[in-house]
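Structure data follow from target-v4.txt (compact mmCIF, C-alpha atoms):
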```
# COMPACT_ATOMS: atom_id res chain seq x y z
CA MET R 1 -27.59 166.19 203.76
CA VAL R 2 -26.10 169.59 204.65
CA ALA R 3 -22.67 168.01 205.11
CA ALA R 4 -22.92 166.32 201.71
CA VAL R 5 -23.84 169.62 200.02
CA ALA R 6 -20.95 171.37 201.76
CA GLU R 7 -18.55 168.62 200.73
CA GLN R 8 -19.73 168.81 197.12
CA LYS R 9 -19.29 172.59 197.10
CA GLU R 10 -15.80 172.20 198.51
CA LEU R 11 -14.92 169.74 195.78
CA ASP R 12 -16.45 171.95 193.08
CA ASN R 13 -14.33 174.86 194.32
CA LEU R 14 -11.25 172.68 194.06
CA VAL R 15 -12.20 171.66 190.53
CA SER R 16 -12.59 175.34 189.67
CA THR R 17 -9.11 176.18 190.96
CA PHE R 18 -7.76 173.36 188.81
CA GLY R 19 -9.45 174.75 185.73
CA GLY R 20 -11.23 171.43 185.61
CA ASN R 21 -14.23 172.29 183.48
CA LYS R 22 -15.71 169.28 181.77
CA LEU R 23 -14.20 168.90 178.33
CA LYS R 24 -16.20 168.52 175.17
CA VAL R 25 -15.97 165.04 173.71
CA ARG R 26 -15.84 164.38 169.97
CA LYS R 27 -18.68 162.53 168.26
CA PRO R 28 -18.34 158.73 168.36
CA CYS R 29 -18.09 156.53 165.30
CA MET R 30 -21.28 156.01 163.33
CA GLU R 31 -23.25 153.02 164.59
CA GLY R 32 -22.14 149.86 162.83
CA THR R 33 -18.72 151.16 161.78
CA ARG R 34 -15.27 150.46 163.26
CA SER R 35 -16.71 147.38 164.98
CA ASP R 36 -13.57 145.24 164.59
CA ILE R 37 -11.20 147.91 165.89
CA LEU R 38 -13.46 148.81 168.80
CA GLN R 39 -13.78 145.14 169.78
CA THR R 40 -9.98 144.77 169.65
CA ILE R 41 -9.48 147.80 171.91
CA GLU R 42 -12.20 146.69 174.33
CA THR R 43 -10.67 143.21 174.60
CA LYS R 44 -7.24 144.69 175.36
CA VAL R 45 -8.71 147.01 177.99
CA LYS R 46 -10.36 144.06 179.73
CA ASN R 47 -7.21 141.93 179.62
CA THR R 48 -5.97 142.47 183.17
CA GLY R 49 -2.78 140.58 182.43
CA GLY R 50 -1.81 142.65 179.39
CA LEU R 51 0.07 145.92 179.09
CA ASN R 52 -1.83 148.77 180.69
CA MET R 53 -1.40 151.27 177.82
CA ILE R 54 -3.29 150.82 174.53
CA TRP R 55 -2.01 153.25 171.92
CA ILE R 56 -4.28 153.93 168.92
CA ARG R 57 -2.04 155.26 166.15
CA GLY R 58 -2.98 156.69 162.78
CA SER R 59 -2.63 159.54 160.31
CA PRO R 60 -4.75 162.71 160.64
CA GLY R 61 -8.31 162.22 159.48
CA VAL R 62 -8.67 158.48 160.08
CA GLY R 63 -11.07 158.97 162.99
CA LYS R 64 -8.91 158.47 166.10
CA SER R 65 -10.96 160.94 168.16
CA ALA R 66 -14.19 159.21 167.13
CA LEU R 67 -12.67 155.90 168.23
CA ALA R 68 -11.72 157.41 171.60
CA ALA R 69 -15.27 158.69 172.06
CA SER R 70 -16.74 155.34 171.03
CA ILE R 71 -14.60 153.23 173.34
CA SER R 72 -15.50 155.57 176.22
CA THR R 73 -19.20 155.15 175.47
CA ARG R 74 -18.95 151.37 175.12
CA LEU R 75 -17.19 151.00 178.47
CA GLN R 76 -19.62 153.35 180.22
CA ASP R 77 -22.53 151.35 178.83
CA GLN R 78 -20.96 148.37 180.63
CA ASN R 79 -20.89 150.37 183.90
CA ARG R 80 -17.13 150.93 183.69
CA HIS R 81 -16.06 154.36 184.90
CA VAL R 82 -14.12 156.31 182.25
CA ILE R 83 -12.08 159.48 182.66
CA SER R 84 -11.71 161.22 179.30
CA PHE R 85 -9.29 163.96 178.34
CA GLN R 86 -8.46 165.51 175.00
CA PHE R 87 -5.37 167.56 174.33
CA ASP R 88 -6.41 170.52 172.18
CA HIS R 89 -3.78 172.86 170.75
CA THR R 90 -6.42 175.61 170.34
CA GLN R 91 -7.15 175.76 174.09
CA SER R 92 -4.48 176.84 176.57
CA THR R 93 -6.30 174.96 179.35
CA THR R 94 -6.16 171.61 177.53
CA ILE R 95 -2.66 171.63 176.11
CA THR R 96 -0.47 170.40 178.97
CA THR R 97 -0.13 167.32 181.11
CA ASP R 98 -0.78 169.57 184.12
CA SER R 99 -4.37 169.90 182.87
CA LEU R 100 -4.57 166.15 182.38
CA TRP R 101 -3.46 165.40 185.95
CA HIS R 102 -5.98 167.93 187.32
CA ILE R 103 -8.90 166.44 185.39
CA VAL R 104 -7.99 162.89 186.40
CA THR R 105 -7.59 163.95 190.03
CA CYS R 106 -10.96 165.74 190.13
CA ASP R 107 -12.78 162.78 188.60
CA LEU R 108 -11.19 160.40 191.08
CA ALA R 109 -12.15 162.72 193.92
CA HIS R 110 -15.79 162.50 192.81
CA LEU R 111 -15.49 158.72 192.62
CA TYR R 112 -13.61 157.95 195.87
CA SER R 113 -14.29 159.78 199.13
CA PHE R 114 -10.83 159.07 200.58
CA PHE R 115 -9.29 160.58 197.43
CA HIS R 116 -11.35 163.69 198.02
CA GLN R 117 -10.16 163.83 201.62
CA TYR R 118 -6.55 163.51 200.49
CA LEU R 119 -6.95 166.46 198.13
CA MET R 120 -8.49 168.61 200.84
CA LYS R 121 -5.69 167.74 203.25
CA HIS R 122 -2.92 168.43 200.74
CA ASN R 123 -4.51 171.26 198.77
CA LYS R 124 -1.38 173.43 198.98
CA GLU R 125 0.53 170.88 196.93
CA HIS R 126 -1.71 171.16 193.88
CA SER R 127 -0.28 174.37 192.45
CA SER R 128 3.32 173.27 191.98
CA SER R 129 4.88 174.52 188.75
CA ASN R 130 7.23 171.53 188.71
CA ILE R 131 5.58 168.87 186.52
CA ASP R 132 7.46 166.05 188.23
CA ARG R 133 6.27 167.16 191.67
CA LEU R 134 2.76 167.81 190.40
CA PHE R 135 2.50 164.28 189.02
CA LYS R 136 3.75 162.84 192.30
CA ASN R 137 1.34 164.95 194.39
CA LEU R 138 -1.75 164.49 192.22
CA ILE R 139 -1.32 161.00 190.78
CA GLU R 140 1.51 158.83 192.03
CA THR R 141 1.09 159.24 195.79
CA PRO R 142 -2.72 159.35 196.22
CA LEU R 143 -3.36 156.51 193.77
CA SER R 144 -1.35 154.18 195.97
CA SER R 145 -4.47 154.13 198.16
CA LEU R 146 -6.31 152.25 195.40
CA SER R 147 -3.92 149.29 195.45
CA ASP R 148 -6.61 146.99 196.87
CA VAL R 149 -9.19 147.82 194.19
CA PRO R 150 -9.40 145.10 191.48
CA CYS R 151 -8.12 146.18 188.08
CA GLU R 152 -11.46 145.59 186.38
CA GLU R 153 -13.17 147.99 188.81
CA LEU R 154 -10.73 150.87 188.33
CA PRO R 155 -11.51 153.75 185.95
CA VAL R 156 -10.13 153.61 182.41
CA ILE R 157 -8.24 156.75 181.39
CA VAL R 158 -8.88 157.74 177.75
CA ILE R 159 -6.47 160.38 176.44
CA ASP R 160 -7.13 161.71 172.95
CA ALA R 161 -4.61 163.54 170.69
CA LEU R 162 -1.47 163.04 172.76
CA ASP R 163 0.52 164.52 169.86
CA GLU R 164 -1.09 167.90 170.65
CA CYS R 165 0.35 167.94 174.18
CA GLY R 166 2.30 171.17 174.52
CA GLY R 167 1.07 172.40 171.14
CA LEU R 168 1.54 171.13 167.63
CA ARG R 169 5.10 172.27 167.01
CA HIS R 170 7.67 170.11 168.77
CA ASP R 171 10.75 171.71 167.25
CA SER R 172 14.13 172.26 168.93
CA SER R 173 12.77 175.07 171.11
CA THR R 174 10.06 172.91 172.73
CA LYS R 175 11.40 169.38 172.19
CA ASP R 176 12.84 168.93 175.70
CA ASP R 177 9.68 170.18 177.42
CA TYR R 178 7.51 167.94 175.23
CA GLU R 179 9.61 164.86 176.01
CA ASP R 180 9.56 165.70 179.73
CA ARG R 181 5.76 165.65 179.63
CA LEU R 182 5.75 162.34 177.79
CA HIS R 183 8.13 160.97 180.39
CA MET R 184 5.61 161.86 183.13
CA LEU R 185 3.02 159.80 181.32
CA LYS R 186 5.47 156.93 180.96
CA ARG R 187 5.89 156.90 184.74
CA TRP R 188 2.22 156.00 184.93
CA ILE R 189 2.77 152.75 183.05
CA GLN R 190 5.98 151.93 184.90
CA ALA R 191 5.03 152.52 188.54
CA ASP R 192 3.94 149.20 190.05
CA HIS R 193 0.84 150.48 191.83
CA LEU R 194 -0.30 152.41 188.74
CA LYS R 195 -0.01 149.53 186.29
CA LYS R 196 -3.50 148.36 187.24
CA PHE R 197 -5.00 151.42 185.52
CA LYS R 198 -5.72 150.99 181.83
CA LEU R 199 -4.86 153.94 179.60
CA VAL R 200 -6.22 154.29 176.06
CA ILE R 201 -4.26 156.91 174.10
CA THR R 202 -4.66 158.22 170.56
CA SER R 203 -2.14 160.14 168.46
CA ARG R 204 -0.29 160.31 165.22
CA PRO R 205 2.68 157.91 165.14
CA GLU R 206 5.22 160.59 166.04
CA ASP R 207 8.83 159.51 166.53
CA ALA R 208 9.02 160.98 170.04
CA ILE R 209 5.94 159.04 171.18
CA THR R 210 7.10 155.85 169.48
CA LYS R 211 10.46 156.17 171.22
CA MET R 212 8.83 156.76 174.59
CA PHE R 213 6.17 154.02 174.21
CA PRO R 214 7.59 151.13 172.14
CA ASP R 215 5.59 147.93 171.83
CA SER R 216 7.45 146.52 174.82
CA VAL R 217 5.56 148.88 177.16
CA SER R 218 2.37 149.62 175.20
CA THR R 219 -0.03 147.75 172.95
CA HIS R 220 -0.17 149.37 169.52
CA VAL R 221 -3.42 149.46 167.55
CA ASN R 222 -2.58 150.82 164.11
CA ILE R 223 -5.30 152.46 161.98
CA PRO R 224 -4.26 152.00 158.34
CA SER R 225 -4.81 154.60 155.63
CA GLY R 226 -3.52 155.55 152.20
CA SER R 227 -1.24 152.99 150.61
CA ASP R 228 -1.35 150.91 153.82
CA ILE R 229 -4.98 149.96 153.17
CA LYS R 230 -5.25 146.26 152.29
CA PRO R 231 -8.22 144.45 150.70
CA GLU R 232 -8.98 142.67 153.97
CA ASP R 233 -9.09 145.90 156.02
CA SER R 234 -12.52 146.95 157.24
CA ALA R 235 -11.82 150.68 156.81
CA SER R 236 -13.22 150.79 153.27
CA ASP R 237 -16.38 148.95 154.38
CA ASP R 238 -16.82 151.45 157.19
CA ILE R 239 -16.42 154.43 154.86
CA CYS R 240 -18.84 152.79 152.44
CA ALA R 241 -21.42 152.45 155.24
CA PHE R 242 -20.85 156.06 156.30
CA LEU R 243 -21.26 157.48 152.80
CA LYS R 244 -24.27 155.28 152.03
CA SER R 245 -25.98 156.55 155.18
CA ARG R 246 -25.33 160.15 154.15
CA PHE R 247 -26.58 159.57 150.60
CA ASP R 248 -29.68 157.76 151.87
CA THR R 249 -30.40 160.80 154.04
CA MET R 250 -30.06 163.01 150.95
CA GLY R 251 -32.76 160.89 149.27
CA MET R 252 -30.57 159.74 146.39
CA GLU R 253 -31.63 156.88 144.10
CA PRO R 254 -30.06 153.43 144.75
CA GLY R 255 -28.45 153.33 141.29
CA TRP R 256 -26.75 156.70 141.80
CA ILE R 257 -25.61 155.69 145.30
CA ALA R 258 -24.02 152.50 143.97
CA GLU R 259 -22.14 154.46 141.30
CA ALA R 260 -21.00 157.12 143.77
CA LEU R 261 -19.80 154.57 146.31
CA GLY R 262 -17.90 152.65 143.64
CA TYR R 263 -16.01 155.83 142.77
CA LEU R 264 -15.58 157.54 146.17
CA VAL R 265 -14.80 154.68 148.58
CA PRO R 266 -11.52 153.56 146.94
CA ARG R 267 -10.33 157.18 146.78
CA ALA R 268 -10.96 157.80 150.47
CA THR R 269 -8.23 155.20 151.27
CA GLY R 270 -9.41 154.87 154.86
CA ILE R 271 -9.34 158.62 155.61
CA PHE R 272 -12.68 159.57 157.15
CA ILE R 273 -12.06 163.31 156.80
CA TRP R 274 -11.92 162.76 153.03
CA ALA R 275 -15.26 160.95 153.07
CA THR R 276 -16.82 163.58 155.36
CA THR R 277 -15.58 166.46 153.17
CA ALA R 278 -16.86 164.74 150.03
CA ALA R 279 -20.28 164.14 151.59
CA GLU R 280 -20.58 167.76 152.76
CA PHE R 281 -19.52 168.96 149.31
CA LEU R 282 -22.07 166.79 147.52
CA GLN R 283 -24.95 167.60 149.85
CA VAL R 284 -25.38 171.11 148.41
CA ASN R 285 -25.91 169.94 144.82
CA THR R 286 -25.42 166.20 144.60
CA GLN R 287 -26.16 165.62 140.93
CA GLY R 288 -24.29 168.69 139.77
CA ARG R 289 -21.19 168.32 141.91
CA PHE R 290 -20.51 164.59 141.57
CA PRO R 291 -19.23 164.99 137.98
CA MET R 292 -16.79 167.62 139.29
CA LEU R 293 -15.21 165.02 141.57
CA GLN R 294 -15.17 162.45 138.78
CA SER R 295 -13.34 164.86 136.49
CA LYS R 296 -10.44 165.12 138.89
CA SER R 297 -7.40 162.91 138.40
CA ASP R 298 -7.30 159.72 140.39
CA GLY R 299 -4.79 159.19 143.14
CA LYS R 300 -4.13 158.19 146.68
CA GLY R 301 -2.99 159.99 149.80
CA LEU R 302 -2.07 163.64 149.25
CA LYS R 303 -2.88 163.51 145.54
CA SER R 304 -6.42 162.34 146.24
CA LEU R 305 -6.84 164.91 149.01
CA TYR R 306 -5.57 167.63 146.71
CA SER R 307 -8.10 166.67 144.03
CA LEU R 308 -10.97 166.83 146.50
CA TYR R 309 -9.93 170.17 148.00
CA SER R 310 -9.37 171.57 144.51
CA ALA R 311 -12.98 170.79 143.56
CA VAL R 312 -14.30 172.22 146.83
CA VAL R 313 -12.35 175.48 146.53
CA LYS R 314 -13.10 175.97 142.84
CA THR R 315 -16.81 175.54 143.45
CA SER R 316 -16.81 177.77 146.54
CA PHE R 317 -14.90 180.65 144.96
CA GLY R 318 -16.26 180.27 141.43
CA HIS R 319 -14.46 182.64 139.09
CA ASP R 320 -13.16 184.90 141.86
CA LEU R 321 -9.78 183.19 141.82
CA GLU R 322 -7.43 182.53 138.95
CA ALA R 323 -6.25 179.00 138.19
CA GLU R 324 -2.89 179.53 139.90
CA GLU R 325 -4.60 181.02 142.93
CA ILE R 326 -6.92 178.02 143.21
CA LYS R 327 -3.89 175.73 143.00
CA ALA R 328 -2.19 177.68 145.80
CA VAL R 329 -5.28 177.59 148.04
CA THR R 330 -5.83 173.87 147.59
CA SER R 331 -2.13 173.11 148.16
CA VAL R 332 -2.17 175.00 151.45
CA MET R 333 -5.49 173.51 152.58
CA GLY R 334 -4.41 169.98 151.77
CA ALA R 335 -1.03 170.32 153.49
CA MET R 336 -2.45 171.89 156.65
CA ILE R 337 -5.34 169.45 157.05
CA PHE R 338 -3.17 166.43 156.34
CA ALA R 339 -0.39 167.68 158.66
CA LYS R 340 -2.94 168.77 161.29
CA GLU R 341 -0.77 171.68 162.32
CA PRO R 342 -0.28 175.34 161.38
CA LEU R 343 2.43 175.95 158.78
CA ASN R 344 4.43 179.17 158.54
CA ASN R 345 5.09 181.04 155.29
CA ASP R 346 8.51 179.45 154.86
CA ALA R 347 6.88 176.01 154.81
CA LEU R 348 3.92 177.06 152.64
CA ILE R 349 6.03 178.73 149.97
CA VAL R 350 7.41 175.38 148.79
CA LEU R 351 3.96 173.93 148.08
CA PRO R 352 2.71 173.48 144.49
CA GLY R 353 1.16 176.65 143.11
CA VAL R 354 2.47 178.95 145.84
CA LYS R 355 4.96 181.07 143.92
CA SER R 356 5.18 184.06 146.21
CA LYS R 357 4.24 185.04 149.73
CA ASN R 358 1.74 187.48 148.24
CA MET R 359 -0.41 184.51 147.17
CA LEU R 360 -0.78 183.46 150.80
CA GLN R 361 -3.26 186.31 151.28
CA PHE R 362 -5.91 184.03 149.79
CA VAL R 363 -5.52 181.51 152.64
```
Could I get this structure in the form of structure tokens?
Amino acid sequence: MVAAVAEQKELDNLVSTFGGNKLKVRKPCMEGTRSDILQTIETKVKNTGGLNMIWIRGSPGVGKSALAASISTRLQDQNRHVISFQFDHTQSTTITTDSLWHIVTCDLAHLYSFFHQYLMKHNKEHSSSNIDRLFKNLIETPLSSLSDVPCEELPVIVIDALDECGGLRHDSSTKDDYEDRLHMLKRWIQADHLKKFKLVITSRPEDAITKMFPDSVSTHVNIPSGSDIKPEDSASDDICAFLKSRFDTMGMEPGWIAEALGYLVPRATGIFIWATTAAEFLQVNTQGRFPMLQSKSDGKGLKSLYSLYSAVVKTSFGHDLEAEEIKAVTSVMGAMIFAKEPLNNDALIVLPGVKSKNMLQFV
């Protein structure tokens, strides 16, 4: 008993030196939604003969993080061990692959005693600043000890928001470092003794990631949105179920709910952040605010997002902003939320309604 406590303390100290605090996990999909996509992902994870990387790709706001959380929960409910990690550009400790390797290593050390012993024996090798050496010391070499473990008994690694690895801006100044980190991840799916591990990854369909993980080395699960939404896609049904649940909670009459769903669902075009924003907006004054949304011009994609944000901002600020100022605010909000990255003044100045840098004071 004493030895076990001492061993646990030793491991906890190692986790602390890694910065391996447990990461917050996003909320899963609402019960009853995304069933088809989740079943597809689960089937691919369980296919021991298939490619070991499943890449969930989609535009910002379609619910990729919720899908990652849901697939983790589903697998854990089936007694499958899952190691989850989310790249987060707002946290310096969750922005690099170094952090990813540390979290994976610590979880494996809790799961396998010999892995723990390896870490204790080679603890001086864990602080290397060379990402290639760090990957070899923490992942590639020790995981060779798991070669006899059946694929279906190995942990599944779920990595959310890969596009935020290294930060959101992957311009010329950071491009090489970003691609080096992606290359480390690619080694995971190329090394023979690591191919048994299933990796589920979510991100936007960035060119650099697509180039590094083409469909020859990873299974792509595309989440449609905008003009890509087809009548047979289940995304609209899922958004309908989500909004209906929210409106039922608000105590709205069935007739009003049917009218609201008929108007809102097609305009969401598969983007859950649109549906969530609309629901939050309507919750304050449902009857009074719904006509405001209806009065906005119809559209898809950015145009639809702009209309929604315009109504939200106008209602929130009232008469405190002029018409041009409201247009500037909604342009900036829409662009930043849709792009899912900070934009500098030079980028913002070209947006509709932003006529001078002085107007950016309102955002």
Sorted by chain and rising residue number, list the residues of stretch 172-275 of chain R at most 7 Å from stretch 51-57 of chain R (counting all atoms listed in the file), each with its closest atom pair and distance in Å to one decimal, as JSON lines.
```
{"residue": "R:Ile189", "atom": "CA", "partner": "R:Asn52", "partner_atom": "CA", "distance": 6.5}
{"residue": "R:Lys195", "atom": "CA", "partner": "R:Asn52", "partner_atom": "CA", "distance": 5.9}
{"residue": "R:Lys196", "atom": "CA", "partner": "R:Asn52", "partner_atom": "CA", "distance": 6.8}
{"residue": "R:Phe197", "atom": "CA", "partner": "R:Asn52", "partner_atom": "CA", "distance": 6.4}
{"residue": "R:Lys198", "atom": "CA", "partner": "R:Asn52", "partner_atom": "CA", "distance": 4.6}
{"residue": "R:Leu199", "atom": "CA", "partner": "R:Met53", "partner_atom": "CA", "distance": 4.7}
{"residue": "R:Val200", "atom": "CA", "partner": "R:Ile54", "partner_atom": "CA", "distance": 4.8}
{"residue": "R:Ile201", "atom": "CA", "partner": "R:Trp55", "partner_atom": "CA", "distance": 4.8}
{"residue": "R:Thr202", "atom": "CA", "partner": "R:Ile56", "partner_atom": "CA", "distance": 4.6}
{"residue": "R:Ser203", "atom": "CA", "partner": "R:Arg57", "partner_atom": "CA", "distance": 5.4}
{"residue": "R:Arg204", "atom": "CA", "partner": "R:Arg57", "partner_atom": "CA", "distance": 5.4}
{"residue": "R:Pro205", "atom": "CA", "partner": "R:Arg57", "partner_atom": "CA", "distance": 5.5}
{"residue": "R:Val217", "atom": "CA", "partner": "R:Leu51", "partner_atom": "CA", "distance": 6.5}
{"residue": "R:Ser218", "atom": "CA", "partner": "R:Met53", "partner_atom": "CA", "distance": 4.9}
{"residue": "R:Thr219", "atom": "CA", "partner": "R:Ile54", "partner_atom": "CA", "distance": 4.7}
{"residue": "R:His220", "atom": "CA", "partner": "R:Trp55", "partner_atom": "CA", "distance": 4.9}
{"residue": "R:Val221", "atom": "CA", "partner": "R:Ile56", "partner_atom": "CA", "distance": 4.8}
{"residue": "R:Asn222", "atom": "CA", "partner": "R:Arg57", "partner_atom": "CA", "distance": 4.9}
{"residue": "R:Ile223", "atom": "CA", "partner": "R:Arg57", "partner_atom": "CA", "distance": 6.0}
```
With 8 Å of padding per side, what axis-aligned box (centre and edge lengths, Å, one decimal) covers all the listed atoms of stretch 50-68 of chain R? Give it as lines of an AutoDock Vina configuration file.
```
center_x = -7.1
center_y = 152.7
center_z = 170.1
size_x = 30.3
size_y = 36.1
size_z = 37.2
```
Taking all atoms listed in the file into account, which of R:Glu140, R:Asp98, R:Asp107, R:Asp238 comes nearest R:Ile37?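 Among the listed residues, the smallest separation from R:Ile37 belongs to R:Asp238.
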One number please: atom CA of R:Pro28 to atom CA of R:Leu264, in Å, one decimal.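 Separation of atom CA of R:Pro28 and atom CA of R:Leu264: 22.4 Å.
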Which residue is closest to R:Trp101? Choose from R:Met184, R:Ile139, R:Leu38, R:Leu67 and count all atoms listed in the file.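 Smallest separation from R:Trp101 among the options: R:Ile139.
Checking R:Ser225, R:Ser35, R:Thr141, R:Gln287 one by one against R:Arg74, counting all atoms listed in the file, you find the shortest gap at R:Ser35.
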Enter the distance from atom CA of R:Phe87 to atom CA of R:Ser99, in Å, rounded to one decimal. 8.9 Å
Atom CA of R:Ser65 to atom CA of R:Ile83: how many Å, to one decimal?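 Distance between the two atoms: 14.6 Å.
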Selection: 10 Å around R:Arg181, only C-alpha atoms, excl. self and same-chain fewer than 6 positions, as a list of chain:residue names: R:Thr96, R:Thr97, R:Asp98, R:Ile131, R:Asp132, R:Cys165, R:Gly166
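Nearest to R:Thr40 of all the residues R:Ala208, R:Ala241, R:Ile71, R:Ala66 is R:Ile71, counting all atoms listed in the file.
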Looking at all atoms listed in the file, which of R:Phe213, R:Phe272, R:Trp256, R:Tyr178 is the one that sits closest to R:Cys29?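 The answer is R:Phe272, which sits nearest to R:Cys29.
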Option closest in space to R:Ser70, from R:His89, R:Lys27, R:His116, R:Arg267 [counting all atoms listed in the file]: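 So, comparing all the options, the nearest one is R:Lys27.
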If we count all atoms listed in the file and set the cut-off at 8 Å, which residues sit around stretch 229-236 of chain R, ignoring sequence neighbours fewer than 2 positions away in its own chain? Please answer as a PDB file with C-alpha atoms, in the coordinates of the input.
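Result file part_24.pdb:
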```pdb
ATOM      1  CA  ARG R  34     -15.270 150.460 163.260  1.00  0.00           C
ATOM      2  CA  ASP R  36     -13.570 145.240 164.590  1.00  0.00           C
ATOM      3  CA  PRO R 224      -4.260 152.000 158.340  1.00  0.00           C
ATOM      4  CA  SER R 225      -4.810 154.600 155.630  1.00  0.00           C
ATOM      5  CA  GLY R 226      -3.520 155.550 152.200  1.00  0.00           C
ATOM      6  CA  SER R 227      -1.240 152.990 150.610  1.00  0.00           C
ATOM      7  CA  ASP R 238     -16.820 151.450 157.190  1.00  0.00           C
ATOM      8  CA  ILE R 239     -16.420 154.430 154.860  1.00  0.00           C
ATOM      9  CA  CYS R 240     -18.840 152.790 152.440  1.00  0.00           C
ATOM     10  CA  VAL R 265     -14.800 154.680 148.580  1.00  0.00           C
ATOM     11  CA  PRO R 266     -11.520 153.560 146.940  1.00  0.00           C
ATOM     12  CA  ALA R 268     -10.960 157.800 150.470  1.00  0.00           C
ATOM     13  CA  THR R 269      -8.230 155.200 151.270  1.00  0.00           C
ATOM     14  CA  GLY R 270      -9.410 154.870 154.860  1.00  0.00           C
TER      15      GLY R 270
END
```
